[in-house]
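Structure file data.cif (mmCIF, C-alpha atoms) follows.
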```cif
data_protein
#
loop_
_atom_site.label_atom_id
_atom_site.label_comp_id
_atom_site.auth_asym_id
_atom_site.auth_seq_id
_atom_site.Cartn_x
_atom_site.Cartn_y
_atom_site.Cartn_z
CA MET A 1 105.43 -25.04 -9.69
CA ARG A 2 103.19 -24.84 -6.68
CA LYS A 3 102.32 -21.19 -7.36
CA TYR A 4 101.15 -22.10 -10.86
CA ILE A 5 98.92 -24.89 -9.49
CA PHE A 6 97.42 -22.52 -6.87
CA ALA A 7 96.74 -19.85 -9.50
CA GLY A 8 95.00 -22.43 -11.69
CA LEU A 9 92.74 -23.48 -8.80
CA LEU A 10 91.75 -19.84 -8.22
CA VAL A 11 90.79 -19.44 -11.88
CA LEU A 12 88.78 -22.69 -11.77
CA ILE A 13 86.89 -21.62 -8.61
CA ALA A 14 86.13 -18.17 -10.10
CA GLY A 15 84.80 -19.78 -13.27
CA ILE A 16 82.53 -22.16 -11.38
CA THR A 17 81.16 -19.26 -9.26
CA MET A 18 80.50 -17.05 -12.28
CA ALA A 19 78.72 -19.89 -14.08
CA ALA A 20 76.48 -20.42 -11.05
CA GLN A 21 75.62 -16.74 -10.91
CA ILE A 22 74.88 -16.58 -14.61
CA ASN A 23 72.68 -19.68 -14.37
CA THR A 24 70.75 -18.29 -11.38
CA SER A 25 70.17 -14.94 -13.02
CA ALA A 26 68.99 -16.66 -16.19
CA ARG A 27 66.26 -18.80 -14.60
CA CYS A 28 64.98 -20.32 -11.39
CA SER A 29 64.78 -24.07 -11.06
CA THR A 30 61.42 -25.82 -10.87
CA GLY A 31 59.95 -26.21 -7.37
CA SER A 32 62.29 -23.72 -5.72
CA ASN A 33 61.91 -20.19 -4.45
CA CYS A 34 63.33 -17.48 -6.67
CA ASN A 35 64.56 -14.31 -4.98
CA ILE A 36 65.30 -11.13 -6.86
CA GLY A 37 67.48 -8.82 -4.81
CA ASN A 38 68.94 -9.24 -1.36
CA GLY A 39 70.03 -7.07 1.46
CA LYS A 40 66.92 -4.93 1.05
CA PRO A 41 67.75 -3.08 -2.16
CA ALA A 42 66.30 0.43 -2.55
CA SER A 43 64.29 -0.63 -5.60
CA ILE A 44 63.87 -3.43 -8.13
CA THR A 45 62.96 -2.50 -11.71
CA LEU A 46 61.45 -4.94 -14.23
CA ASP A 47 62.10 -3.41 -17.65
CA THR A 48 60.87 -4.70 -21.01
CA ASP A 49 60.73 -3.35 -24.54
CA GLY A 50 57.09 -2.41 -24.02
CA ALA A 51 55.65 -5.89 -24.25
CA ASP A 52 53.56 -7.36 -21.45
CA LEU A 53 55.21 -8.64 -18.29
CA ASP A 54 53.54 -11.86 -17.16
CA LEU A 55 53.73 -13.11 -13.57
CA ASP A 56 52.51 -16.72 -13.32
CA VAL A 57 51.79 -17.34 -9.65
CA THR A 58 50.71 -20.33 -7.60
CA ALA A 59 47.40 -20.46 -5.72
CA ASN A 60 46.15 -17.73 -8.06
CA GLU A 61 47.48 -15.05 -5.70
CA LEU A 62 50.06 -12.32 -6.12
CA THR A 63 50.98 -10.89 -2.72
CA LEU A 64 52.69 -7.53 -2.20
CA THR A 65 54.29 -7.47 1.25
CA ALA A 66 55.54 -4.16 2.61
CA THR A 67 58.88 -4.37 4.44
CA THR A 68 57.46 -2.11 7.15
CA THR A 69 54.07 -1.79 8.82
CA ALA A 70 53.01 0.82 6.26
CA SER A 71 50.35 0.12 3.64
CA PRO A 72 51.58 -1.83 0.56
CA THR A 73 50.59 0.21 -2.51
CA PHE A 74 50.11 -0.63 -6.19
CA ILE A 75 50.99 2.46 -8.25
CA GLY A 76 50.65 2.89 -12.00
CA ALA A 77 53.02 5.08 -14.02
CA ASP A 78 54.17 5.54 -17.61
CA ALA A 79 57.24 7.20 -19.17
CA ALA A 80 55.82 10.58 -18.11
CA THR A 81 55.27 9.23 -14.54
CA PRO A 82 51.57 9.51 -13.46
CA ALA A 83 49.30 7.38 -15.64
CA ASP A 84 45.83 5.87 -15.76
CA THR A 85 46.01 2.52 -13.96
CA ILE A 86 43.81 -0.37 -15.03
CA PHE A 87 42.86 -3.56 -13.21
CA ASP A 88 41.54 -5.89 -15.88
CA THR A 89 40.90 -9.51 -16.81
CA THR A 90 42.26 -11.20 -19.95
CA GLY A 91 38.70 -11.58 -21.20
CA THR A 92 35.17 -11.85 -19.86
CA GLY A 93 35.47 -12.09 -16.09
CA THR A 94 34.99 -10.36 -12.76
CA VAL A 95 37.37 -7.92 -11.09
CA GLN A 96 37.01 -8.31 -7.34
CA VAL A 97 38.32 -5.81 -4.81
CA GLY A 98 38.50 -7.21 -1.27
CA SER A 99 37.29 -10.44 0.29
CA ALA A 100 35.11 -11.59 3.18
CA ASP A 101 37.63 -10.50 5.86
CA VAL A 102 38.20 -6.99 4.44
CA THR A 103 36.83 -4.42 6.89
CA ALA A 104 36.57 -1.52 4.44
CA VAL A 105 37.24 -0.56 0.81
CA THR A 106 38.10 3.12 0.32
CA MET A 107 38.18 5.00 -3.00
CA VAL A 108 40.20 8.23 -2.74
CA THR A 109 40.66 10.89 -5.45
CA ASP A 110 41.91 14.47 -5.54
CA GLY A 111 38.29 15.61 -5.41
CA ALA A 112 37.33 14.64 -8.93
CA ALA A 113 34.41 12.31 -9.56
CA THR A 114 34.64 8.55 -9.18
CA ASN A 115 32.98 6.92 -12.18
CA LEU A 116 31.65 3.38 -12.28
CA ALA A 117 31.20 2.82 -16.02
CA GLY A 118 29.69 -0.15 -17.79
CA VAL A 119 27.81 -1.44 -14.78
CA GLU A 120 26.23 -4.76 -15.76
CA THR A 121 22.48 -4.50 -16.52
CA ASN A 122 22.71 -0.83 -15.46
CA THR A 123 22.54 -1.86 -11.80
CA LEU A 124 25.05 -1.17 -9.04
CA THR A 125 24.37 -3.47 -6.11
CA LEU A 126 25.60 -2.85 -2.56
CA THR A 127 25.59 -6.14 -0.67
CA ALA A 128 26.04 -6.07 3.10
CA ALA A 129 28.49 -8.67 4.44
CA THR A 130 25.96 -9.58 7.13
CA THR A 131 22.17 -9.62 7.30
CA GLY A 132 22.19 -5.97 8.35
CA THR A 133 21.09 -2.97 6.31
CA ALA A 134 23.17 -2.04 3.25
CA THR A 135 23.80 1.72 3.53
CA PHE A 136 25.06 4.42 1.15
CA GLN A 137 26.68 7.24 3.13
CA GLY A 138 28.19 10.56 2.05
CA ALA A 139 31.16 12.23 3.74
CA ASP A 140 33.77 14.88 3.00
CA ALA A 141 37.18 15.66 4.44
CA ALA A 142 35.55 17.16 7.53
CA GLY A 143 33.33 14.14 8.12
CA ILE A 144 29.61 14.24 7.37
CA SER A 145 28.48 16.14 4.29
CA VAL A 146 25.52 16.91 2.08
CA THR A 147 24.98 13.81 -0.09
CA ALA A 148 23.50 14.07 -3.58
CA LEU A 149 21.96 11.37 -5.77
CA ASP A 150 21.95 12.89 -9.23
CA THR A 151 21.86 12.21 -12.97
CA THR A 152 24.48 13.48 -15.44
CA GLY A 153 21.81 15.63 -17.11
CA ALA A 154 18.05 15.76 -17.63
CA GLY A 155 16.70 12.46 -16.37
CA THR A 156 14.61 10.67 -13.77
CA ILE A 157 15.76 9.37 -10.39
CA ILE A 158 13.82 6.31 -9.26
CA ILE A 159 13.95 5.13 -5.65
CA GLY A 160 12.60 1.63 -5.18
CA SER A 161 10.86 -0.79 -7.54
CA ALA A 162 7.68 -2.84 -7.71
CA ASP A 163 8.83 -5.31 -5.03
CA VAL A 164 9.92 -2.67 -2.48
CA THR A 165 7.68 -2.91 0.58
CA GLY A 166 8.46 0.49 2.08
CA ILE A 167 10.53 3.64 1.63
CA THR A 168 11.51 5.56 4.76
CA ASN A 169 12.92 9.09 4.94
CA THR A 170 14.61 9.54 8.31
CA THR A 171 16.19 12.76 9.61
CA ASP A 172 17.21 14.14 13.01
CA GLY A 173 13.89 15.98 13.12
CA ALA A 174 14.67 18.61 10.50
CA GLY A 175 12.42 18.97 7.47
CA THR A 176 12.57 16.85 4.34
CA THR A 177 12.49 19.03 1.23
CA LEU A 178 11.38 17.96 -2.23
CA ALA A 179 12.72 20.75 -4.44
CA GLY A 180 12.17 21.24 -8.15
CA VAL A 181 9.25 18.83 -8.42
CA GLU A 182 8.41 18.51 -12.12
CA THR A 183 5.37 20.58 -13.19
CA ASN A 184 5.00 21.58 -9.52
CA THR A 185 3.12 18.35 -8.83
CA PHE A 186 4.03 15.64 -6.33
CA THR A 187 2.18 12.43 -7.16
CA LEU A 188 1.69 9.51 -4.76
CA THR A 189 0.84 6.41 -6.78
CA ALA A 190 -0.47 3.35 -4.95
CA ALA A 191 1.07 0.05 -6.07
CA THR A 192 -2.41 -1.48 -6.19
CA THR A 193 -5.87 -0.16 -7.04
CA GLY A 194 -6.36 0.86 -3.41
CA THR A 195 -6.47 4.37 -2.00
CA ALA A 196 -3.26 6.42 -2.05
CA THR A 197 -2.88 7.77 1.50
CA PHE A 198 -0.70 10.45 3.10
CA GLN A 199 -0.20 9.66 6.80
CA GLY A 200 1.61 11.49 9.56
CA ALA A 201 3.41 9.76 12.42
CA ASP A 202 6.05 10.53 15.04
CA ALA A 203 8.31 8.35 17.16
CA ALA A 204 5.36 7.43 19.37
CA GLY A 205 3.08 6.50 16.47
CA ALA A 206 0.13 8.64 15.41
CA SER A 207 0.76 12.38 15.43
CA ILE A 208 -0.72 15.72 14.47
CA THR A 209 -0.22 16.07 10.70
CA THR A 210 0.17 19.47 9.07
CA LEU A 211 -0.26 20.52 5.45
CA ASP A 212 1.31 23.98 5.26
CA THR A 213 2.99 26.55 3.03
CA THR A 214 6.43 28.07 3.68
CA GLY A 215 4.80 31.46 4.23
CA ALA A 216 1.68 33.39 3.30
CA GLY A 217 -0.04 31.30 0.66
CA THR A 218 -3.09 29.28 -0.28
CA ILE A 219 -3.68 25.59 0.34
CA ILE A 220 -5.95 23.99 -2.23
CA VAL A 221 -7.62 20.64 -1.65
CA GLY A 222 -9.00 19.13 -4.82
CA SER A 223 -9.39 20.45 -8.35
CA ALA A 224 -12.09 20.91 -10.97
CA ASP A 225 -12.41 17.16 -11.66
CA VAL A 226 -12.60 16.08 -8.00
CA THR A 227 -16.03 14.60 -7.34
CA THR A 228 -16.03 14.66 -3.53
CA VAL A 229 -13.91 15.96 -0.66
CA THR A 230 -14.59 14.04 2.57
CA VAL A 231 -13.45 15.00 6.09
CA THR A 232 -13.69 11.98 8.42
CA THR A 233 -12.95 11.81 12.15
CA ASP A 234 -13.64 9.34 14.95
CA GLY A 235 -16.56 11.51 15.98
CA GLY A 236 -14.52 14.46 17.21
CA SER A 237 -14.86 18.02 16.02
CA VAL A 238 -13.69 19.47 12.72
CA VAL A 239 -12.25 22.90 13.58
CA MET A 240 -11.83 25.61 10.96
CA ASP A 241 -10.28 28.89 12.07
CA GLY A 242 -10.66 32.13 10.13
CA PHE A 243 -13.12 32.93 7.38
CA ILE A 244 -14.68 30.08 5.46
CA THR A 245 -15.68 30.74 1.87
CA ALA A 246 -17.70 28.18 -0.03
CA GLN A 247 -18.45 28.36 -3.71
CA ARG A 248 -21.00 26.28 -5.56
CA SER A 249 -22.40 26.59 -9.04
CA VAL A 250 -25.88 28.12 -9.10
CA VAL A 251 -28.55 26.65 -11.35
CA SER A 252 -31.07 29.15 -12.69
CA GLN A 253 -34.53 27.83 -13.52
CA THR A 254 -38.14 28.92 -13.91
CA ALA A 255 -39.82 26.32 -11.68
CA GLY A 256 -39.58 22.57 -12.21
CA SER A 257 -37.65 19.78 -10.50
CA ILE A 258 -35.01 20.80 -7.95
CA THR A 259 -31.43 19.55 -8.43
CA VAL A 260 -30.30 18.06 -5.12
CA ASN A 261 -27.11 19.37 -3.43
CA THR A 262 -27.27 22.50 -5.57
CA VAL A 263 -28.23 26.15 -5.19
CA THR A 264 -31.23 26.98 -7.41
CA LEU A 265 -31.92 30.57 -8.47
CA ALA A 266 -35.69 30.93 -8.90
CA THR A 267 -36.15 33.38 -11.78
CA ALA A 268 -39.95 33.08 -11.89
CA ALA A 269 -42.88 32.12 -9.70
CA GLY A 270 -44.06 28.51 -9.75
CA ASP A 271 -43.72 25.04 -8.28
CA TYR A 272 -40.14 23.95 -7.44
CA THR A 273 -40.63 20.24 -6.93
CA ILE A 274 -38.70 17.72 -4.83
CA ALA A 275 -38.46 14.33 -6.55
CA ASP A 276 -39.80 11.40 -4.56
CA ASP A 277 -36.45 9.57 -4.45
CA LEU A 278 -34.31 12.28 -2.88
CA CYS A 279 -35.09 11.51 0.78
CA ALA A 280 -36.49 7.98 0.56
CA LEU A 281 -33.52 5.96 1.86
CA THR A 282 -31.02 6.14 4.71
CA ALA A 283 -28.34 6.79 2.11
CA ASP A 284 -30.23 9.97 1.10
CA ILE A 285 -29.80 11.54 4.53
CA GLY A 286 -27.61 14.61 4.11
CA ASN A 287 -29.04 15.62 0.73
CA TRP A 288 -29.82 19.32 0.61
CA PHE A 289 -30.95 22.13 -1.66
CA THR A 290 -31.15 25.90 -1.51
CA ILE A 291 -33.68 28.05 -3.39
CA ILE A 292 -33.00 31.78 -3.80
CA ILE A 293 -35.72 34.07 -5.17
CA GLU A 294 -34.12 36.36 -7.76
CA ASP A 295 -36.31 39.48 -8.09
CA VAL A 296 -39.93 38.39 -8.05
CA SER A 297 -42.57 39.11 -5.46
CA THR A 298 -44.92 36.35 -6.49
CA VAL A 299 -45.23 33.02 -4.72
CA VAL A 300 -42.48 30.37 -5.00
CA MET A 301 -43.72 26.97 -3.89
CA VAL A 302 -41.49 24.16 -2.56
CA ASP A 303 -43.52 21.09 -3.51
CA PRO A 304 -42.68 17.46 -2.48
CA LEU A 305 -43.87 15.01 -5.14
CA ASP A 306 -43.75 12.14 -2.63
CA THR A 307 -46.75 12.45 -0.34
CA SER A 308 -44.73 10.59 2.32
CA ASP A 309 -42.25 13.49 2.50
CA GLN A 310 -42.85 16.00 5.26
CA LEU A 311 -41.34 19.48 5.39
CA PHE A 312 -40.39 21.12 8.70
CA ILE A 313 -39.65 24.76 9.59
CA ALA A 314 -38.87 25.76 13.16
CA GLY A 315 -41.89 27.51 14.70
CA ILE A 316 -44.23 26.62 11.83
CA ASP A 317 -46.50 23.59 11.67
CA VAL A 318 -46.38 22.14 8.17
CA ASP A 319 -48.83 19.29 7.72
CA PRO A 320 -47.66 16.02 6.06
CA GLY A 321 -47.99 16.18 2.28
CA HIS A 322 -48.17 20.00 2.31
CA GLU A 323 -45.89 22.37 0.41
CA ILE A 324 -44.10 25.46 1.66
CA ASP A 325 -44.84 28.78 -0.05
CA SER A 326 -43.06 32.13 0.00
CA ALA A 327 -44.88 35.31 1.01
CA SER A 328 -47.39 36.47 -1.61
CA THR A 329 -46.93 40.19 -1.09
CA GLY A 330 -43.96 42.55 -0.85
CA ASP A 331 -40.59 42.70 -2.60
CA PHE A 332 -38.35 39.95 -1.22
CA ASP A 333 -35.50 39.89 -3.72
CA GLY A 334 -32.85 37.41 -2.57
CA ALA A 335 -35.10 35.57 -0.11
CA HIS A 336 -33.96 31.99 0.36
CA ILE A 337 -34.69 28.63 1.97
CA THR A 338 -32.24 25.77 2.57
CA MET A 339 -33.61 22.32 3.36
CA VAL A 340 -31.75 19.15 4.41
CA CYS A 341 -32.89 15.51 4.44
CA MET A 342 -32.38 14.80 8.16
CA ALA A 343 -34.25 11.47 8.25
CA VAL A 344 -36.08 9.28 5.76
CA ASN A 345 -38.96 11.32 4.22
CA GLN A 346 -38.17 14.30 6.49
CA TRP A 347 -36.85 17.62 5.10
CA TYR A 348 -35.86 20.28 7.62
CA ALA A 349 -35.38 23.96 6.81
CA THR A 350 -31.98 24.83 8.29
CA SER A 351 -31.82 28.39 6.99
CA VAL A 352 -34.71 30.66 5.92
CA THR A 353 -35.44 34.32 5.20
CA ARG A 354 -37.85 36.10 7.51
CA ALA A 355 -39.59 39.46 7.12
CA LEU A 356 -38.01 42.51 8.76
CA ASP A 357 -40.66 42.49 11.50
CA GLY A 358 -39.72 38.89 12.32
CA THR A 359 -42.83 37.32 10.88
CA ALA A 360 -42.51 34.16 8.84
CA PHE A 361 -41.72 34.63 5.15
CA TRP A 362 -42.16 30.93 4.33
CA THR A 363 -45.47 29.36 5.39
CA ASP A 364 -47.55 26.16 5.05
CA GLY A 365 -48.93 26.38 1.52
CA GLY A 366 -51.44 23.58 1.88
CA ALA A 367 -51.69 20.28 0.05
CA SER A 368 -49.29 20.01 -2.87
#
```
Re-express the file's structure as structure tokens.
Amino acid sequence: MRKYIFAGLLVLIAGITMAAQINTSARCSTGSNCNIGNGKPASITLDTDGADLDLDVTANELTLTATTTASPTFIGADAATPADTIFDTTGTGTVQVGSADVTAVTMVTDGAATNLAGVETNTLTLTAATTGTATFQGADAAGISVTALDTTGAGTIIIGSADVTGITNTTDGAGTTLAGVETNTFTLTAATTGTATFQGADAAGASITTLDTTGAGTIIVGSADVTTVTVTTDGGSVVMDGFITAQRSVVSQTAGSITVNTVTLATAAGDYTIADDLCALTADIGNWFTIIIEDVSTVVMVDPLDTSDQLFIAGIDVDPGHEIDSASTGDFDGAHITMVCMAVNQWYATSVTRALDGTAFWTDGGAS
């Protein structure tokens, strides 16, 4: 009888234990921890019929804790093993990678491109965690590398915007190359209506600035629609090495009023007059003209209309209000005179033709 009672107790205990196990595997009670697996199983598989698997967690956090000191890893796979892996929200929302105490976020691929698609308002913003400079850096497996900012095809790359106060290109001293500039033109556009200025500087501040070609070539300053080219210094010298070639349009005329700051080709004898407002003010100082006699041997007269103007030629006394005349005899094709307004109402001949024997070709022609 006793053995039957003992056997019954064993069956009762086994039934109670099995019921507890079945209940635990079916659900976890509210407010308690629920453990799946024990004794460090090799793996735990959550398998469904293809429907979503929802994990409702407290404190809005799902934590993956590695059992060793290695990196915990989220890996995506499908029935064929490797698969595209998506981090997503259930609707409109933000996907955040990292937090304020994360020291670095690394994106690693097998060498293929990393695409950031659908960037809001077409802007990708890099925000530094401190008040320091936000920096984009390029590197390869060996460390530093050439870094390219590119478009997927024909397009424009814009650096900066209207509220950017400065753009700095910094290297270790090597050159900065702008290759493939569209239409071979590099345009510097000032943000205001002020002057667009190229400036050179080194680590100590101001420096010698060079405009150069990569080899034998021509440097052009200005174009056909440039009105003035000005070279300004603090009073020091302007040094030009090598041959200097100047080209200016030549105006041909048969006497009449002289065009200031122009070369005039005198094709006939007569009065070539200087208007009375060409050397009347301080602002007129620097005005000049050149007259070249084409192929005539008759007199060409340089005649100031303003009686206050005085003409000067080194070694020749020209009375106030008098004109200057060319020689009246001989063939002096190509003879010339260049005069410059050096002071108010004062024209000085800076370059003149003289006869072969050294005698003056241009002389005081008397009252104009």
Quiz item: Counting all atoms listed in the file, which of A:Ile291, A:Val95, A:Ala268, A:Ala327 gets nearest to A:Val250?
Solution: A:Ile291
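One distance worth recording is that between atom CA of A:Thr133 and atom CA of A:Phe186, which is 28.2 Å.
Here, the PyMOL selection byres ((chain A and resi 361) around 6) matches Ser326, Ala327, Arg354, Ala355, Ala360 and Trp362 of chain A.
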Exercise. Counting all atoms listed in the file, find the residues whose atoms lie at most 10 Å from (-42.9, 27.0, -7.5) (file coordinates) and write them out as a PyMOL selection string.
Key: chain A and resi 254-257+266+268-273+298-303+323-326
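Minimum atom-to-atom distance to A:Val318, evaluated using all atoms listed in the file, belongs to A:Ser368 out of A:Thr92, A:Phe289, A:Ser368, A:Ser351.
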Per residue of stretch 241-330 of chain A within 7 Å of stretch 345-349 of chain A, which atom pair is closest and at what distance in Å (one decimal), using all atoms listed in the file, listed by chain and increasing number, as a Markdown table?
```
| residue | atom | partner | partner_atom | distance |
| --- | --- | --- | --- | --- |
| A:Cys279 | CA | A:Asn345 | CA | 5.2 |
| A:Ala280 | CA | A:Asn345 | CA | 5.5 |
| A:Ser308 | CA | A:Asn345 | CA | 6.1 |
| A:Asp309 | CA | A:Asn345 | CA | 4.3 |
| A:Gln310 | CA | A:Gln346 | CA | 5.1 |
| A:Leu311 | CA | A:Trp347 | CA | 4.9 |
| A:Phe312 | CA | A:Tyr348 | CA | 4.7 |
| A:Ile313 | CA | A:Ala349 | CA | 5.2 |
```
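When the distance limit is 10 Å and all atoms listed in the file are what count, the residues near A:Gly76, minus those fewer than 5 positions from it on the same chain, are A:Thr81, A:Pro82, A:Ala83, A:Asp84, A:Thr85, A:Ile86.
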Written file, previous selection with C-alpha atoms, as a tab-separated table (two decimals), keeping the file's coordinate frame:
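New file again27.tsv:
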```
chain	number	residue	atom	x	y	z
A	81	THR	CA	55.27	9.23	-14.54
A	82	PRO	CA	51.57	9.51	-13.46
A	83	ALA	CA	49.30	7.38	-15.64
A	84	ASP	CA	45.83	5.87	-15.76
A	85	THR	CA	46.01	2.52	-13.96
A	86	ILE	CA	43.81	-0.37	-15.03
```
Sorted by chain and rising residue number, which residues of stretch 182-285 of chain A lie within 12 Å of stretch 149-173 of chain A, and what are their closest atom pairs and distances in Å to one decimal, counting only C-alpha atoms, as a Markdown table?
```
| residue | atom | partner | partner_atom | distance |
| --- | --- | --- | --- | --- |
| A:Glu182 | CA | A:Thr156 | CA | 10.1 |
| A:Thr189 | CA | A:Ala162 | CA | 11.5 |
| A:Ala190 | CA | A:Ala162 | CA | 10.6 |
| A:Ala191 | CA | A:Ala162 | CA | 7.4 |
| A:Thr192 | CA | A:Ala162 | CA | 10.3 |
| A:Ala201 | CA | A:Thr168 | CA | 11.9 |
| A:Asp202 | CA | A:Gly173 | CA | 9.7 |
| A:Ala203 | CA | A:Gly173 | CA | 10.3 |
```
Kindly list the centre and edge lengths in Å, rounded to one decimal, for the axis-aligned box that covers all listed atoms of stretch 103-109 of chain A plus 8 Å on each of its six sides, as JSON.
```
{"center_x": 38.6, "center_y": 3.2, "center_z": 0.7, "size_x": 20.1, "size_y": 31.3, "size_z": 28.3}
```
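Candidate residues A:Asp212, A:Asp276, A:Thr135, A:Gly321 were compared for distance to A:Asp306, and the nearest is A:Asp276, using all atoms listed in the file.
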Quiz item: Do you have the atom CA of A:Met107-atom CA of A:Thr123 distance handy?
Solution: 19.2 Å
Practice problem: Could you give me, as a VMD selection string, the residues within 12 Å of A:Thr210, counting all atoms listed in the file and dropping anything in the same chain fewer than 5 positions from it? | Solution: chain A and resid 198 to 201 219
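Counting from atom CA of A:Ala100, the distance to atom CA of A:Ala70 is 22.0 Å.
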